[in-house]
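A short write-up of the structure that comes next.
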Protein chains: 2
Amino acid sequence: MDTSDWQIVRSTPLFGTVSQEVAQSLIGSQPVSVHRKGETLFQQGEAANAFFVVLGGWVKLYRVTPDGNEAVVGVFRRGETFAEAAMFLGGRYPVSAEVVTDTRLLRVDGQLLRCRIKEQPELALAMLASASYHLKSLVEQIEQIKLLSAPQRLADFLLRLSSVREGSTTIELPYEKALIANKLGMKPESLSRALAKLRPLGVSVDREHVSIVDVALLARFVESSDLGEEGF
Amino acid sequence: MDTSDWQIVRSTPLFGTVSQEVAQSLIGSQPVSVHRKGETLFQQGEAANAFFVVLGGWVKLYRVTPDGNEAVVGVFRRGETFAEAAMFLGGRYPVSAEVVTDTRLLRVDGQLLRCRIKEQPELALAMLASASYHLKSLVEQIEQIKLLSAPQRLADFLLRLSSVREGSTTIELPYEKALIANKLGMKPESLSRALAKLRPLGVSVDREHVSIVDVALLARFVESSDLGEEGF
(Lines give C-alpha, C1' and ligand atoms only; values in the text may rest on other atoms or scores of the structure.)
Protein backbone atom coordinates (compact mmCIF):
# COMPACT_ATOMS: atom_id res chain seq x y z
CA MET A 1 0.00 0.00 0.00
CA ASP A 2 1.67 3.19 -1.16
CA THR A 3 0.42 6.75 -0.66
CA SER A 4 -1.73 6.74 -3.77
CA ASP A 5 -3.28 3.39 -2.77
CA TRP A 6 -4.23 4.95 0.57
CA GLN A 7 -5.71 7.92 -1.24
CA ILE A 8 -7.94 5.53 -3.16
CA VAL A 9 -9.01 3.68 0.00
CA ARG A 10 -9.81 7.00 1.68
CA SER A 11 -12.00 8.01 -1.28
CA THR A 12 -14.38 5.06 -0.76
CA PRO A 13 -17.64 5.56 1.17
CA LEU A 14 -16.76 3.06 3.90
CA PHE A 15 -13.31 4.41 4.69
CA GLY A 16 -13.77 8.06 3.60
CA THR A 17 -13.86 9.67 7.04
CA VAL A 18 -12.02 6.88 8.87
CA SER A 19 -8.47 7.59 10.11
CA GLN A 20 -5.61 5.73 8.44
CA GLU A 21 -4.92 3.88 11.75
CA VAL A 22 -8.50 2.63 11.94
CA ALA A 23 -8.54 1.68 8.26
CA GLN A 24 -5.23 -0.17 8.69
CA SER A 25 -6.60 -2.03 11.68
CA LEU A 26 -9.71 -3.10 9.73
CA ILE A 27 -7.84 -4.00 6.56
CA GLY A 28 -4.97 -5.79 8.27
CA SER A 29 -1.57 -6.34 6.79
CA GLN A 30 -2.85 -8.16 3.72
CA PRO A 31 -0.62 -7.14 0.87
CA VAL A 32 -2.16 -5.67 -2.21
CA SER A 33 -2.92 -8.48 -4.64
CA VAL A 34 -2.06 -8.35 -8.32
CA HIS A 35 -4.17 -10.25 -10.83
CA ARG A 36 -3.73 -11.08 -14.50
CA LYS A 37 -6.39 -10.46 -17.11
CA GLY A 38 -8.82 -13.38 -17.23
CA GLU A 39 -8.32 -14.51 -13.63
CA THR A 40 -11.42 -15.47 -11.64
CA LEU A 41 -11.61 -13.79 -8.22
CA PHE A 42 -14.62 -15.69 -6.97
CA GLN A 43 -17.44 -17.84 -8.28
CA GLN A 44 -21.15 -17.35 -7.83
CA GLY A 45 -22.23 -19.36 -4.77
CA GLU A 46 -18.86 -19.33 -2.95
CA ALA A 47 -18.81 -18.11 0.66
CA ALA A 48 -18.46 -14.31 0.60
CA ASN A 49 -15.25 -14.11 2.62
CA ALA A 50 -14.04 -10.70 1.46
CA PHE A 51 -14.84 -7.49 -0.30
CA PHE A 52 -12.53 -5.63 -2.65
CA VAL A 53 -11.27 -2.14 -3.41
CA VAL A 54 -9.97 -1.70 -6.97
CA LEU A 55 -6.61 0.12 -6.79
CA GLY A 56 -6.01 -0.14 -10.54
CA GLY A 57 -7.48 -2.01 -13.50
CA TRP A 58 -10.94 -3.44 -14.15
CA VAL A 59 -13.08 -6.23 -12.77
CA LYS A 60 -16.40 -7.51 -14.10
CA LEU A 61 -19.15 -9.18 -12.12
CA TYR A 62 -21.40 -11.58 -14.00
CA ARG A 63 -24.02 -14.27 -13.59
CA VAL A 64 -24.34 -17.39 -15.66
CA THR A 65 -27.92 -17.53 -16.93
CA PRO A 66 -29.88 -20.84 -16.99
CA ASP A 67 -29.16 -21.15 -20.75
CA GLY A 68 -25.41 -20.93 -20.09
CA ASN A 69 -24.89 -17.34 -21.20
CA GLU A 70 -22.93 -14.77 -19.25
CA ALA A 71 -24.84 -11.66 -18.11
CA VAL A 72 -22.54 -8.87 -16.95
CA VAL A 73 -24.10 -7.15 -13.93
CA GLY A 74 -21.36 -4.61 -13.26
CA VAL A 75 -17.90 -3.39 -14.17
CA PHE A 76 -15.69 -1.90 -11.46
CA ARG A 77 -12.61 0.26 -11.80
CA ARG A 78 -10.09 2.22 -9.75
CA GLY A 79 -11.59 3.68 -6.59
CA GLU A 80 -14.65 1.45 -6.65
CA THR A 81 -15.50 -1.31 -4.19
CA PHE A 82 -17.48 -4.47 -4.81
CA ALA A 83 -18.98 -7.42 -2.91
CA GLU A 84 -19.19 -5.47 0.35
CA ALA A 85 -22.89 -6.14 0.99
CA ALA A 86 -22.42 -9.91 0.38
CA MET A 87 -19.39 -9.96 2.69
CA PHE A 88 -21.04 -7.93 5.46
CA LEU A 89 -24.03 -10.28 5.35
CA GLY A 90 -21.66 -13.25 5.59
CA GLY A 91 -23.58 -15.11 2.91
CA ARG A 92 -22.51 -16.28 -0.54
CA TYR A 93 -21.46 -14.26 -3.56
CA PRO A 94 -24.55 -13.82 -5.76
CA VAL A 95 -22.32 -13.35 -8.86
CA SER A 96 -18.89 -14.32 -10.17
CA ALA A 97 -15.97 -11.88 -10.54
CA GLU A 98 -13.35 -11.91 -13.29
CA VAL A 99 -10.39 -9.61 -13.81
CA VAL A 100 -10.70 -7.83 -17.18
CA THR A 101 -7.34 -6.04 -17.39
CA ASP A 102 -4.26 -6.56 -15.23
CA THR A 103 -5.56 -5.37 -11.88
CA ARG A 104 -4.38 -4.39 -8.40
CA LEU A 105 -6.84 -5.06 -5.60
CA LEU A 106 -7.07 -4.53 -1.90
CA ARG A 107 -8.82 -7.52 -0.34
CA VAL A 108 -10.68 -6.76 2.89
CA ASP A 109 -11.01 -10.04 4.76
CA GLY A 110 -14.37 -10.66 6.43
CA GLN A 111 -13.14 -12.92 9.21
CA LEU A 112 -10.43 -10.46 10.23
CA LEU A 113 -12.92 -7.59 10.12
CA ARG A 114 -15.36 -9.50 12.37
CA CYS A 115 -12.61 -10.21 14.93
CA ARG A 116 -11.45 -6.61 14.98
CA ILE A 117 -14.98 -5.30 15.39
CA LYS A 118 -15.58 -7.69 18.28
CA GLU A 119 -12.45 -6.36 20.04
CA GLN A 120 -13.25 -2.75 19.19
CA PRO A 121 -16.87 -1.93 18.21
CA GLU A 122 -15.67 1.63 17.53
CA LEU A 123 -14.15 0.35 14.29
CA ALA A 124 -17.58 -0.61 12.96
CA LEU A 125 -19.03 2.66 14.17
CA ALA A 126 -16.30 4.57 12.30
CA MET A 127 -17.28 2.81 9.07
CA LEU A 128 -20.97 3.45 9.76
CA ALA A 129 -20.20 7.14 10.34
CA SER A 130 -18.32 7.29 7.05
CA ALA A 131 -21.15 5.56 5.18
CA SER A 132 -23.69 7.92 6.80
CA TYR A 133 -21.78 11.02 5.71
CA HIS A 134 -21.53 9.65 2.21
CA LEU A 135 -25.23 8.74 2.07
CA LYS A 136 -26.23 12.28 3.07
CA SER A 137 -23.96 13.85 0.49
CA LEU A 138 -25.34 11.58 -2.29
CA VAL A 139 -28.92 12.44 -1.33
CA GLU A 140 -28.03 16.16 -1.51
CA GLN A 141 -26.35 15.60 -4.87
CA ILE A 142 -29.46 13.89 -6.22
CA GLU A 143 -31.65 16.76 -5.06
CA GLN A 144 -29.33 19.28 -6.72
CA ILE A 145 -29.09 17.55 -10.09
CA LYS A 146 -32.76 16.77 -10.42
CA LEU A 147 -33.04 20.07 -12.29
CA LEU A 148 -36.71 20.56 -11.55
CA SER A 149 -38.20 24.06 -11.63
CA ALA A 150 -39.13 25.59 -8.25
CA PRO A 151 -42.87 24.70 -8.57
CA GLN A 152 -41.93 21.17 -9.66
CA ARG A 153 -39.59 20.77 -6.69
CA LEU A 154 -42.33 21.94 -4.33
CA ALA A 155 -44.85 19.58 -5.98
CA ASP A 156 -42.36 16.69 -5.76
CA PHE A 157 -41.84 17.49 -2.08
CA LEU A 158 -45.60 17.58 -1.37
CA LEU A 159 -46.10 14.28 -3.19
CA ARG A 160 -43.43 12.60 -1.10
CA LEU A 161 -45.31 13.71 2.03
CA SER A 162 -48.60 12.44 0.68
CA SER A 163 -49.86 9.04 1.82
CA VAL A 164 -52.00 8.49 -1.29
CA ARG A 165 -51.10 8.06 -4.97
CA GLU A 166 -54.36 9.35 -6.43
CA GLY A 167 -57.45 11.27 -5.42
CA SER A 168 -57.30 14.19 -2.99
CA THR A 169 -55.33 14.58 0.21
CA THR A 170 -54.35 17.04 2.91
CA ILE A 171 -50.80 17.37 4.21
CA GLU A 172 -49.66 19.03 7.41
CA LEU A 173 -46.61 21.30 7.13
CA PRO A 174 -44.67 23.28 9.74
CA TYR A 175 -46.17 26.75 10.23
CA GLU A 176 -42.82 28.42 9.52
CA LYS A 177 -42.64 28.42 5.73
CA ALA A 178 -38.96 29.49 5.94
CA LEU A 179 -38.13 25.95 7.06
CA ILE A 180 -39.76 24.44 3.99
CA ALA A 181 -37.94 26.94 1.80
CA ASN A 182 -34.68 25.88 3.47
CA LYS A 183 -35.45 22.20 2.88
CA LEU A 184 -36.10 22.91 -0.80
CA GLY A 185 -33.07 25.17 -1.18
CA MET A 186 -35.26 28.16 -2.06
CA LYS A 187 -35.71 31.68 -0.71
CA PRO A 188 -39.03 32.17 1.13
CA GLU A 189 -40.28 34.48 -1.66
CA SER A 190 -39.53 31.79 -4.28
CA LEU A 191 -41.55 29.34 -2.21
CA SER A 192 -44.52 31.75 -2.19
CA ARG A 193 -44.26 32.13 -5.96
CA ALA A 194 -43.99 28.36 -6.39
CA LEU A 195 -47.08 27.84 -4.22
CA ALA A 196 -48.99 30.41 -6.30
CA LYS A 197 -48.02 28.54 -9.46
CA LEU A 198 -49.37 25.27 -8.06
CA ARG A 199 -52.78 26.84 -7.33
CA PRO A 200 -54.14 26.24 -10.88
CA LEU A 201 -53.12 22.60 -10.41
CA GLY A 202 -55.40 22.26 -7.37
CA VAL A 203 -52.96 22.96 -4.51
CA SER A 204 -54.20 25.28 -1.78
CA VAL A 205 -52.76 26.29 1.60
CA ASP A 206 -54.60 27.10 4.81
CA ARG A 207 -52.04 27.82 7.56
CA GLU A 208 -50.39 24.43 8.33
CA HIS A 209 -52.58 22.49 5.92
CA VAL A 210 -51.96 21.95 2.23
CA SER A 211 -54.82 20.45 0.22
CA ILE A 212 -54.22 18.67 -3.06
CA VAL A 213 -57.32 18.09 -5.20
CA ASP A 214 -55.75 15.55 -7.56
CA VAL A 215 -52.53 13.86 -6.48
CA ALA A 216 -52.10 12.06 -9.84
CA LEU A 217 -52.36 15.38 -11.73
CA LEU A 218 -49.63 16.88 -9.55
CA ALA A 219 -47.43 13.82 -10.17
CA ARG A 220 -47.82 14.29 -13.93
CA PHE A 221 -46.77 17.92 -13.51
CA VAL A 222 -43.51 16.86 -11.79
CA GLU A 223 -42.73 14.34 -14.52
CA SER A 224 -43.57 16.66 -17.38
CA SER A 225 -40.83 19.00 -18.52
CA ASP A 226 -43.30 20.89 -20.79
CA LEU A 227 -45.12 22.35 -17.82
CA GLY A 228 -42.01 23.83 -16.16
CA GLU A 229 -41.76 27.23 -14.50
CA GLU A 230 -41.89 29.06 -17.83
CA GLY A 231 -45.10 27.29 -18.82
CA PHE A 232 -47.23 29.47 -16.56
CA MET B 1 -43.63 0.93 17.67
CA ASP B 2 -46.59 -0.07 15.51
CA THR B 3 -46.48 -1.64 12.05
CA SER B 4 -46.27 1.68 10.22
CA ASP B 5 -43.42 2.82 12.53
CA TRP B 6 -41.53 -0.34 11.59
CA GLN B 7 -42.18 0.36 7.92
CA ILE B 8 -40.54 3.75 8.36
CA VAL B 9 -37.53 2.27 10.19
CA ARG B 10 -37.14 -0.34 7.42
CA SER B 11 -37.15 2.44 4.80
CA THR B 12 -34.00 4.09 6.23
CA PRO B 13 -30.58 3.33 4.72
CA LEU B 14 -29.14 1.85 7.91
CA PHE B 15 -32.00 -0.54 8.65
CA GLY B 16 -33.34 -1.07 5.12
CA THR B 17 -32.10 -4.62 4.58
CA VAL B 18 -31.80 -5.53 8.25
CA SER B 19 -34.30 -8.06 9.66
CA GLN B 20 -36.81 -6.79 12.22
CA GLU B 21 -35.16 -8.99 14.91
CA VAL B 22 -31.75 -7.41 14.27
CA ALA B 23 -33.23 -3.90 14.15
CA GLN B 24 -35.10 -4.54 17.40
CA SER B 25 -31.92 -5.78 19.04
CA LEU B 26 -30.02 -2.66 17.95
CA ILE B 27 -32.77 -0.22 18.83
CA GLY B 28 -33.65 -1.81 22.16
CA SER B 29 -37.00 -1.50 23.89
CA GLN B 30 -36.90 2.30 24.05
CA PRO B 31 -40.42 3.48 23.54
CA VAL B 32 -41.14 5.95 20.81
CA SER B 33 -40.79 9.47 22.20
CA VAL B 34 -43.35 12.20 21.58
CA HIS B 35 -42.26 15.84 21.55
CA ARG B 36 -44.14 19.11 21.55
CA LYS B 37 -43.49 21.90 19.08
CA GLY B 38 -40.63 24.09 20.32
CA GLU B 39 -38.90 21.40 22.40
CA THR B 40 -35.11 21.18 22.20
CA LEU B 41 -33.81 17.65 21.55
CA PHE B 42 -30.14 18.43 21.99
CA GLN B 43 -27.80 21.40 22.10
CA GLN B 44 -24.74 22.03 19.97
CA GLY B 45 -21.71 20.73 21.92
CA GLU B 46 -23.54 18.08 23.96
CA ALA B 47 -22.22 14.50 23.87
CA ALA B 48 -23.76 12.77 20.83
CA ASN B 49 -25.44 9.92 22.71
CA ALA B 50 -28.10 9.03 20.18
CA PHE B 51 -29.35 9.33 16.66
CA PHE B 52 -32.97 9.72 15.63
CA VAL B 53 -35.49 8.41 13.13
CA VAL B 54 -38.42 10.77 12.50
CA LEU B 55 -41.65 8.71 12.67
CA GLY B 56 -43.89 11.75 12.25
CA GLY B 57 -43.55 15.55 12.37
CA TRP B 58 -40.62 17.85 11.70
CA VAL B 59 -37.28 18.63 13.36
CA LYS B 60 -34.85 21.40 12.48
CA LEU B 61 -31.10 21.38 13.04
CA TYR B 62 -29.42 24.76 13.50
CA ARG B 63 -26.25 26.45 14.59
CA VAL B 64 -25.98 29.66 16.54
CA THR B 65 -23.64 31.97 14.61
CA PRO B 66 -21.01 34.09 16.42
CA ASP B 67 -23.32 37.15 16.14
CA GLY B 68 -26.11 35.26 17.92
CA ASN B 69 -28.24 34.44 14.87
CA GLU B 70 -29.73 31.05 14.16
CA ALA B 71 -28.64 29.37 10.92
CA VAL B 72 -30.84 26.41 9.96
CA VAL B 73 -28.66 23.65 8.50
CA GLY B 74 -31.35 21.08 7.86
CA VAL B 75 -34.99 20.14 8.29
CA PHE B 76 -35.93 16.50 8.78
CA ARG B 77 -39.30 14.83 8.37
CA ARG B 78 -40.98 11.43 8.47
CA GLY B 79 -38.68 8.63 7.29
CA GLU B 80 -35.50 10.68 7.67
CA THR B 81 -32.71 10.11 10.17
CA PHE B 82 -30.38 12.66 11.72
CA ALA B 83 -27.30 12.88 13.94
CA GLU B 84 -26.16 9.35 13.01
CA ALA B 85 -22.63 10.33 11.95
CA ALA B 86 -22.07 12.33 15.18
CA MET B 87 -23.38 9.43 17.27
CA PHE B 88 -21.36 6.77 15.44
CA LEU B 89 -18.22 8.85 15.93
CA GLY B 90 -19.07 9.19 19.64
CA GLY B 91 -18.22 12.88 19.59
CA ARG B 92 -20.40 15.91 20.25
CA TYR B 93 -23.39 17.21 18.31
CA PRO B 94 -22.12 19.89 15.91
CA VAL B 95 -25.60 21.53 15.81
CA SER B 96 -28.71 21.92 17.98
CA ALA B 97 -32.03 20.20 17.24
CA GLU B 98 -35.49 21.65 17.85
CA VAL B 99 -38.89 20.10 17.25
CA VAL B 100 -40.86 22.24 14.76
CA THR B 101 -44.26 20.52 14.84
CA ASP B 102 -45.52 17.92 17.32
CA THR B 103 -43.22 15.02 16.52
CA ARG B 104 -42.79 11.29 17.13
CA LEU B 105 -39.21 10.07 17.18
CA LEU B 106 -37.37 6.81 17.55
CA ARG B 107 -34.22 7.40 19.58
CA VAL B 108 -31.37 4.98 18.84
CA ASP B 109 -29.13 4.96 21.90
CA GLY B 110 -25.39 4.95 21.19
CA GLN B 111 -24.28 3.20 24.37
CA LEU B 112 -26.78 0.38 23.89
CA LEU B 113 -25.76 0.05 20.24
CA ARG B 114 -22.07 -0.23 21.21
CA CYS B 115 -22.81 -2.96 23.78
CA ARG B 116 -24.90 -4.96 21.35
CA ILE B 117 -22.27 -4.71 18.63
CA LYS B 118 -19.59 -5.88 21.05
CA GLU B 119 -21.70 -8.95 21.89
CA GLN B 120 -22.65 -9.57 18.27
CA PRO B 121 -20.48 -7.92 15.60
CA GLU B 122 -22.95 -9.30 13.02
CA LEU B 123 -25.33 -6.53 14.04
CA ALA B 124 -22.88 -3.86 12.84
CA LEU B 125 -22.18 -5.84 9.69
CA ALA B 126 -25.93 -5.99 8.96
CA MET B 127 -26.13 -2.19 9.16
CA LEU B 128 -23.01 -1.87 7.00
CA ALA B 129 -24.57 -4.20 4.43
CA SER B 130 -27.74 -2.11 4.40
CA ALA B 131 -25.77 1.13 4.02
CA SER B 132 -23.70 -0.43 1.21
CA TYR B 133 -26.81 -1.47 -0.73
CA HIS B 134 -28.26 1.98 -0.34
CA LEU B 135 -25.02 3.70 -1.39
CA LYS B 136 -24.88 1.64 -4.60
CA SER B 137 -28.49 2.41 -5.46
CA LEU B 138 -27.96 6.16 -4.90
CA VAL B 139 -24.88 6.15 -7.13
CA GLU B 140 -26.90 4.40 -9.85
CA GLN B 141 -29.70 6.90 -9.42
CA ILE B 142 -27.27 9.80 -9.83
CA GLU B 143 -25.87 8.28 -13.00
CA GLN B 144 -29.38 7.81 -14.39
CA ILE B 145 -30.66 11.31 -13.69
CA LYS B 146 -27.58 13.14 -14.90
CA LEU B 147 -29.35 13.33 -18.25
CA LEU B 148 -26.18 13.65 -20.27
CA SER B 149 -26.16 12.68 -23.94
CA ALA B 150 -24.30 9.47 -24.82
CA PRO B 151 -21.13 11.31 -26.00
CA GLN B 152 -21.23 13.46 -22.85
CA ARG B 153 -21.57 10.38 -20.64
CA LEU B 154 -18.61 8.78 -22.38
CA ALA B 155 -16.57 11.98 -22.04
CA ASP B 156 -17.51 12.26 -18.35
CA PHE B 157 -16.44 8.66 -17.85
CA LEU B 158 -13.07 9.21 -19.59
CA LEU B 159 -12.44 12.34 -17.53
CA ARG B 160 -13.04 10.46 -14.29
CA LEU B 161 -10.39 7.95 -15.38
CA SER B 162 -7.92 10.69 -16.26
CA SER B 163 -5.22 11.58 -13.75
CA VAL B 164 -4.80 15.14 -15.10
CA ARG B 165 -7.13 18.14 -15.19
CA GLU B 166 -5.64 19.86 -18.23
CA GLY B 167 -3.29 19.14 -21.12
CA SER B 168 -3.21 15.78 -22.89
CA THR B 169 -3.40 12.30 -21.46
CA THR B 170 -3.72 8.63 -22.37
CA ILE B 171 -6.10 6.26 -20.59
CA GLU B 172 -6.05 2.49 -20.63
CA LEU B 173 -9.41 0.77 -21.10
CA PRO B 174 -10.42 -2.89 -21.16
CA TYR B 175 -10.12 -4.34 -24.65
CA GLU B 176 -13.74 -5.54 -24.58
CA LYS B 177 -15.70 -2.43 -25.46
CA ALA B 178 -18.92 -4.24 -24.50
CA LEU B 179 -17.88 -3.89 -20.85
CA ILE B 180 -17.53 -0.13 -21.16
CA ALA B 181 -20.89 0.04 -22.91
CA ASN B 182 -22.37 -1.94 -20.00
CA LYS B 183 -20.81 0.41 -17.45
CA LEU B 184 -22.29 3.40 -19.27
CA GLY B 185 -25.67 1.75 -19.76
CA MET B 186 -25.33 1.88 -23.56
CA LYS B 187 -25.49 -0.64 -26.36
CA PRO B 188 -22.08 -1.35 -27.96
CA GLU B 189 -23.16 0.39 -31.18
CA SER B 190 -24.14 3.53 -29.22
CA LEU B 191 -20.67 3.50 -27.65
CA SER B 192 -19.06 3.39 -31.11
CA ARG B 193 -21.21 6.31 -32.25
CA ALA B 194 -20.39 8.24 -29.06
CA LEU B 195 -16.66 7.63 -29.59
CA ALA B 196 -16.96 8.85 -33.19
CA LYS B 197 -18.65 12.01 -31.95
CA LEU B 198 -15.80 12.71 -29.52
CA ARG B 199 -13.19 12.49 -32.33
CA PRO B 200 -13.59 16.17 -33.38
CA LEU B 201 -12.96 17.03 -29.70
CA GLY B 202 -9.55 15.35 -29.79
CA VAL B 203 -10.39 11.88 -28.47
CA SER B 204 -8.86 8.94 -30.34
CA VAL B 205 -8.74 5.22 -29.64
CA ASP B 206 -5.97 2.74 -30.42
CA ARG B 207 -6.97 -0.70 -29.08
CA GLU B 208 -6.79 -0.42 -25.27
CA HIS B 209 -5.54 3.17 -25.30
CA VAL B 210 -7.63 6.31 -25.48
CA SER B 211 -5.77 9.57 -26.11
CA ILE B 212 -7.25 12.92 -25.14
CA VAL B 213 -5.56 15.96 -26.71
CA ASP B 214 -7.11 18.54 -24.40
CA VAL B 215 -8.65 17.35 -21.14
CA ALA B 216 -10.02 20.81 -20.25
CA LEU B 217 -11.81 21.06 -23.63
CA LEU B 218 -13.49 17.70 -23.01
CA ALA B 219 -14.56 18.84 -19.53
CA ARG B 220 -16.21 21.93 -21.04
CA PHE B 221 -18.06 19.65 -23.47
CA VAL B 222 -19.53 17.63 -20.56
CA GLU B 223 -20.64 20.77 -18.73
CA SER B 224 -22.16 22.41 -21.79
CA SER B 225 -25.71 21.45 -22.59
CA ASP B 226 -25.55 23.30 -25.95
CA LEU B 227 -23.18 20.73 -27.36
CA GLY B 228 -25.39 17.70 -26.63
CA GLU B 229 -25.93 14.77 -28.94
CA GLU B 230 -28.10 16.78 -31.29
CA GLY B 231 -25.37 19.40 -31.72
CA PHE B 232 -23.33 17.20 -34.00
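Simple scheme: letters A, B, ... for chains in C-alpha coordinates order, numbers from 1 for residues in each chain, numbers from 1 for ligands in the order shown.
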How would you write, as a ChimeraX atom specification, the set of residues in region 90-230 of chain A that DSSP gives as strand (DSSP E or B)? /A:92,96-99,103-109,169-172,203-206,209-212
Asn182 (chain A): which residues within 9 Å, counting only C-alpha atoms, same-chain residues fewer than 3 positions away excluded, as a count of residues only? 11
If you run DSSP on the backbone, which residues of region 4-217 of chain B are helix (DSSP H, G or I), as a PyMOL selection string? chain B and resi 4-9+20-27+84-89+110-119+121-145+150-161+177-183+188-201+215-217
Would you list which chain B residues are within 6 Å of chain A using only C-alpha atoms, as a list in words?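 Residues passing the distance filter: Val75, Ala85, Phe88, Leu89, Thr101, Lys118, Pro121, Leu125, Ala126, Ala129, Ser132, Ile142, Pro174 and Lys183 of chain B.
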Got time to write the residues from that selection, N, CA and C atoms, as a CSV table (one decimal), in the first residue's frame?
```
chain,number,residue,atom,x,y,z
B,75,VAL,N,-33.7,20.4,7.8
B,75,VAL,CA,-35.0,20.1,8.3
B,75,VAL,C,-35.3,18.7,8.0
B,85,ALA,N,-24.1,10.3,12.1
B,85,ALA,CA,-22.6,10.3,12.0
B,85,ALA,C,-22.0,10.8,13.3
B,88,PHE,N,-22.3,7.9,15.7
B,88,PHE,CA,-21.4,6.8,15.4
B,88,PHE,C,-19.9,7.1,15.8
B,89,LEU,N,-19.6,8.4,15.6
B,89,LEU,CA,-18.2,8.8,15.9
B,89,LEU,C,-18.0,9.0,17.4
B,101,THR,N,-42.8,20.8,14.6
B,101,THR,CA,-44.3,20.5,14.8
B,101,THR,C,-44.3,19.4,15.9
B,118,LYS,N,-20.7,-5.2,20.4
B,118,LYS,CA,-19.6,-5.9,21.0
B,118,LYS,C,-20.0,-7.4,21.2
B,121,PRO,N,-21.0,-8.8,16.7
B,121,PRO,CA,-20.5,-7.9,15.6
B,121,PRO,C,-21.4,-8.0,14.4
B,125,LEU,N,-22.4,-5.4,11.1
B,125,LEU,CA,-22.2,-5.8,9.7
B,125,LEU,C,-23.5,-5.8,8.9
B,126,ALA,N,-24.6,-6.1,9.6
B,126,ALA,CA,-25.9,-6.0,9.0
B,126,ALA,C,-26.2,-4.5,8.6
B,129,ALA,N,-24.0,-3.6,5.7
B,129,ALA,CA,-24.6,-4.2,4.4
B,129,ALA,C,-25.7,-3.3,3.9
B,132,SER,N,-24.4,-0.2,2.5
B,132,SER,CA,-23.7,-0.4,1.2
B,132,SER,C,-24.7,-0.6,0.1
B,142,ILE,N,-27.9,8.6,-9.4
B,142,ILE,CA,-27.3,9.8,-9.8
B,142,ILE,C,-26.9,9.6,-11.3
B,174,PRO,N,-10.4,-1.5,-20.8
B,174,PRO,CA,-10.4,-2.9,-21.2
B,174,PRO,C,-10.6,-3.0,-22.7
B,183,LYS,N,-21.0,-0.5,-18.6
B,183,LYS,CA,-20.8,0.4,-17.5
B,183,LYS,C,-21.6,1.7,-17.7
```
So how many Å separate CA of Val53 (chain B) and CA of Gln20 (chain B), to one decimal?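 So the answer is 15.3 Å.
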Got a sec: who's within 10 Å of Leu218 (chain A), counting only C-alpha atoms, leaving out chain neighbours fewer than 6 positions off, as a list in words? Gln152, Ala155, Asp156, Leu158, Leu159, Glu166, Leu198, Leu201, Gly202, Val203, Ile212 and Ser224 of chain A
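Minimum atom-to-atom distance to Asp2 (chain A), evaluated using only C-alpha atoms, belongs to A:Leu55 out of A:Val22, A:Val95, A:Leu55, A:Ala196.
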